[in-house]
Amino acid sequence: MYRTILVTVDGTPTDRAIIEHVKQLAKLAQSRVVVLHVADGWAARTYGPDAVSREIAEDTAYLQKVQEEFQSSGIPAAAELAYGEPADEIIKWVQQKGCDLVAMSTHGHRFLADVFLGTTATRVQHKISVPVLLLRAK
């Protein structure tokens with residue numbers, strides 16, 4: 001059912017909720033996982049894949065750690081780093097590379113925060129045609 005699951009991470013403790021959930025789901029569905037993080041700092045937005053910064057180095061190391069965590073659980077996994085506005089890059093990744101499910105943790109903002117901050121999850125789910133699993137972090 002879910003051959004490829006795209007797991008989006010932002011490098012915060014909220015990632016743990018979706019990582020742990022997808023580990024179980026991927027084992028049951030015999031899925032391949034792609035872990036995606038979008039670097040959105042100044043260097044990433046300005047220079048894209050040519051960016052060199054502490055943020056990029058930390059993001060790359062974090063992605064590798066999460067990828068290895070899935071692999072050590074017996075789940076085929078890859079990791080990718082994108083650059084720019086998170087919602088736009090996630091949408092672009094899904095449209096260009098395809099997956100069967102997008103899995104995301106949410107921060108659980110309330111209405112006013114969502115109005116002013118917008119939510120990556122809301123923007124993504126309204127722009128793609130594959131199922132989106134949203135798991136609110138504790």
# chains A, B, ... in the order shown; residues from 1 in each chain; ligands from 1
>>> residues_around(residues="Asp10 of chain A", least_positions_apart="6", cutoff="10 Å", atoms="only C-alpha atoms", output="ChimeraX atom specification")
/A:36-40,59,62-63,86,104-105
>>> write_last_selection(atoms="all heavy atoms", output="mmCIF file, in the first residue's frame")
data_model
loop_
_atom_site.group_PDB
_atom_site.id
_atom_site.type_symbol
_atom_site.label_atom_id
_atom_site.label_comp_id
_atom_site.auth_asym_id
_atom_site.auth_seq_id
_atom_site.Cartn_x
_atom_site.Cartn_y
_atom_site.Cartn_z
ATOM 1 N N LEU A 36 13.147 13.666 4.666
ATOM 2 C CA LEU A 36 13.413 14.947 4.016
ATOM 3 C C LEU A 36 13.433 16.067 5.043
ATOM 4 O O LEU A 36 12.530 16.178 5.876
ATOM 5 C CB LEU A 36 12.321 15.248 2.974
ATOM 6 C CG LEU A 36 12.400 16.605 2.273
ATOM 7 C CD1 LEU A 36 13.624 16.680 1.353
ATOM 8 C CD2 LEU A 36 11.126 16.870 1.484
ATOM 9 N N HIS A 37 14.478 16.873 4.970
ATOM 10 C CA HIS A 37 14.543 18.095 5.770
ATOM 11 C C HIS A 37 14.774 19.253 4.807
ATOM 12 O O HIS A 37 15.554 19.133 3.863
ATOM 13 C CB HIS A 37 15.685 18.045 6.790
ATOM 14 C CG HIS A 37 15.869 19.343 7.510
ATOM 15 N ND1 HIS A 37 14.987 19.795 8.463
ATOM 16 C CD2 HIS A 37 16.806 20.310 7.375
ATOM 17 C CE1 HIS A 37 15.388 20.990 8.901
ATOM 18 N NE2 HIS A 37 16.498 21.314 8.251
ATOM 19 N N VAL A 38 14.103 20.352 5.068
ATOM 20 C CA VAL A 38 14.293 21.546 4.245
ATOM 21 C C VAL A 38 15.050 22.574 5.070
ATOM 22 O O VAL A 38 14.542 23.086 6.070
ATOM 23 C CB VAL A 38 12.943 22.129 3.766
ATOM 24 C CG1 VAL A 38 13.197 23.362 2.901
ATOM 25 C CG2 VAL A 38 12.139 21.082 3.004
ATOM 26 N N ALA A 39 16.282 22.853 4.650
ATOM 27 C CA ALA A 39 17.082 23.901 5.283
ATOM 28 C C ALA A 39 16.506 25.231 4.832
ATOM 29 O O ALA A 39 16.341 25.469 3.632
ATOM 30 C CB ALA A 39 18.543 23.766 4.872
ATOM 31 N N ASP A 40 16.181 26.083 5.794
ATOM 32 C CA ASP A 40 15.521 27.336 5.416
ATOM 33 C C ASP A 40 16.192 28.572 5.994
ATOM 34 O O ASP A 40 15.612 29.641 6.041
ATOM 35 C CB ASP A 40 14.040 27.296 5.792
ATOM 36 C CG ASP A 40 13.805 27.183 7.284
ATOM 37 O OD1 ASP A 40 14.764 26.894 8.028
ATOM 38 O OD2 ASP A 40 12.655 27.387 7.712
ATOM 39 N N ASP A 59 22.296 19.971 9.692
ATOM 40 C CA ASP A 59 21.145 19.329 9.060
ATOM 41 C C ASP A 59 21.550 18.023 8.371
ATOM 42 O O ASP A 59 20.849 17.017 8.464
ATOM 43 C CB ASP A 59 20.485 20.263 8.034
ATOM 44 C CG ASP A 59 19.787 21.442 8.680
ATOM 45 O OD1 ASP A 59 19.546 21.419 9.901
ATOM 46 O OD2 ASP A 59 19.475 22.402 7.941
ATOM 47 N N TYR A 62 22.193 15.383 11.004
ATOM 48 C CA TYR A 62 20.925 14.943 11.593
ATOM 49 C C TYR A 62 20.201 13.992 10.646
ATOM 50 O O TYR A 62 19.709 12.945 11.065
ATOM 51 C CB TYR A 62 20.060 16.164 11.918
ATOM 52 C CG TYR A 62 18.707 15.803 12.499
ATOM 53 C CD1 TYR A 62 18.598 15.284 13.794
ATOM 54 C CD2 TYR A 62 17.545 15.979 11.761
ATOM 55 C CE1 TYR A 62 17.363 14.956 14.330
ATOM 56 C CE2 TYR A 62 16.309 15.647 12.290
ATOM 57 C CZ TYR A 62 16.224 15.145 13.579
ATOM 58 O OH TYR A 62 14.997 14.811 14.098
ATOM 59 N N LEU A 63 20.140 14.342 9.381
ATOM 60 C CA LEU A 63 19.484 13.475 8.397
ATOM 61 C C LEU A 63 20.149 12.105 8.337
ATOM 62 O O LEU A 63 19.469 11.078 8.271
ATOM 63 C CB LEU A 63 19.513 14.121 7.012
ATOM 64 C CG LEU A 63 18.429 15.126 6.722
ATOM 65 C CD1 LEU A 63 18.696 15.813 5.392
ATOM 66 C CD2 LEU A 63 17.057 14.478 6.716
ATOM 67 N N PRO A 86 10.010 25.518 3.440
ATOM 68 C CA PRO A 86 9.673 24.119 3.675
ATOM 69 C C PRO A 86 8.432 23.609 2.928
ATOM 70 O O PRO A 86 8.519 22.571 2.253
ATOM 71 C CB PRO A 86 9.491 24.041 5.192
ATOM 72 C CG PRO A 86 10.446 25.080 5.697
ATOM 73 C CD PRO A 86 10.331 26.202 4.699
ATOM 74 N N MET A 104 4.137 13.628 8.627
ATOM 75 C CA MET A 104 4.659 14.844 9.242
ATOM 76 C C MET A 104 4.211 14.946 10.697
ATOM 77 O O MET A 104 3.081 14.593 11.012
ATOM 78 C CB MET A 104 4.128 16.091 8.516
ATOM 79 C CG MET A 104 4.284 16.085 7.020
ATOM 80 S SD MET A 104 3.458 17.496 6.228
ATOM 81 C CE MET A 104 4.633 18.775 6.583
ATOM 82 N N SER A 105 5.079 15.466 11.545
ATOM 83 C CA SER A 105 4.678 15.852 12.894
ATOM 84 C C SER A 105 4.170 17.278 12.824
ATOM 85 O O SER A 105 4.655 18.077 12.021
ATOM 86 C CB SER A 105 5.862 15.818 13.866
ATOM 87 O OG SER A 105 6.215 14.517 14.197
#
>>> select_by_dssp(residues="chain A", states="helix (DSSP H, G or I)", output="VMD selection string")
chain A and resid 15 to 29 42 to 50 54 to 72 86 to 97 111 to 117 120 to 125
>>> atom_distance(atom1="atom CA of Leu28 of chain A", atom2="atom CA of Ile128 of chain A")
24.3 Å
>>> closest_residue(among="A:Ser129, A:Thr120, A:Thr8, A:Ser31", to="Gln71 of chain A", atoms="only C-alpha atoms")
A:Ser31
>>> residues_around(residues="Ala43 of chain A", least_positions_apart="3", cutoff="12 Å", atoms="only C-alpha atoms", output="list in words")
Ala39, Asp40, Thr46, Tyr47, Gly48, Pro49, Asp50, Ala51, Val52, Ser53, Arg54, Glu55, Ile56, Ala57, Tyr83 and Gly84 of chain A
>>> residues_around(residues="Asp88 of chain A", least_positions_apart="5", cutoff="9 Å", atoms="only C-alpha atoms", output="PyMOL selection string")
chain A and resi 93+120+123-124
>>> write_last_selection(atoms="all heavy atoms", output="short mmCIF file (atom, residue, chain, number, x, y, z; two decimals), in the first residue's frame")
data_model
loop_
_atom_site.label_atom_id
_atom_site.label_comp_id
_atom_site.auth_asym_id
_atom_site.auth_seq_id
_atom_site.Cartn_x
_atom_site.Cartn_y
_atom_site.Cartn_z
N TRP A 93 9.01 18.23 -3.97
CA TRP A 93 9.60 16.89 -3.88
C TRP A 93 8.54 15.84 -4.22
O TRP A 93 8.80 14.94 -5.02
CB TRP A 93 10.15 16.64 -2.47
CG TRP A 93 11.01 15.42 -2.40
CD1 TRP A 93 12.36 15.37 -2.48
CD2 TRP A 93 10.57 14.05 -2.29
NE1 TRP A 93 12.80 14.07 -2.40
CE2 TRP A 93 11.71 13.23 -2.29
CE3 TRP A 93 9.33 13.44 -2.19
CZ2 TRP A 93 11.65 11.85 -2.19
CZ3 TRP A 93 9.25 12.06 -2.10
CH2 TRP A 93 10.41 11.28 -2.10
N THR A 120 3.11 24.57 7.72
CA THR A 120 3.66 23.79 6.62
C THR A 120 2.72 22.64 6.30
O THR A 120 2.40 22.39 5.14
CB THR A 120 5.06 23.26 7.00
OG1 THR A 120 5.91 24.39 7.24
CG2 THR A 120 5.65 22.40 5.91
N ARG A 123 -0.45 23.71 4.35
CA ARG A 123 -0.13 24.07 2.97
C ARG A 123 0.17 22.83 2.14
O ARG A 123 -0.30 22.71 1.01
CB ARG A 123 1.04 25.05 2.92
CG ARG A 123 0.64 26.42 3.45
CD ARG A 123 1.75 27.44 3.36
NE ARG A 123 2.28 27.54 2.01
CZ ARG A 123 3.54 27.87 1.75
NH1 ARG A 123 4.38 28.14 2.71
NH2 ARG A 123 3.95 27.94 0.50
N VAL A 124 0.92 21.90 2.70
CA VAL A 124 1.29 20.69 1.97
C VAL A 124 0.04 19.86 1.67
O VAL A 124 -0.18 19.45 0.52
CB VAL A 124 2.32 19.84 2.75
CG1 VAL A 124 2.49 18.47 2.15
CG2 VAL A 124 3.67 20.58 2.80
#
>>> closest_residue(among="A:Lys127, A:Arg3, A:Leu101, A:Ile19", to="Glu68 of chain A", atoms="only C-alpha atoms")
A:Ile19
>>> atom_distance(atom1="atom CA of Lys97 of chain A", atom2="atom CA of Leu134 of chain A")
20.4 Å
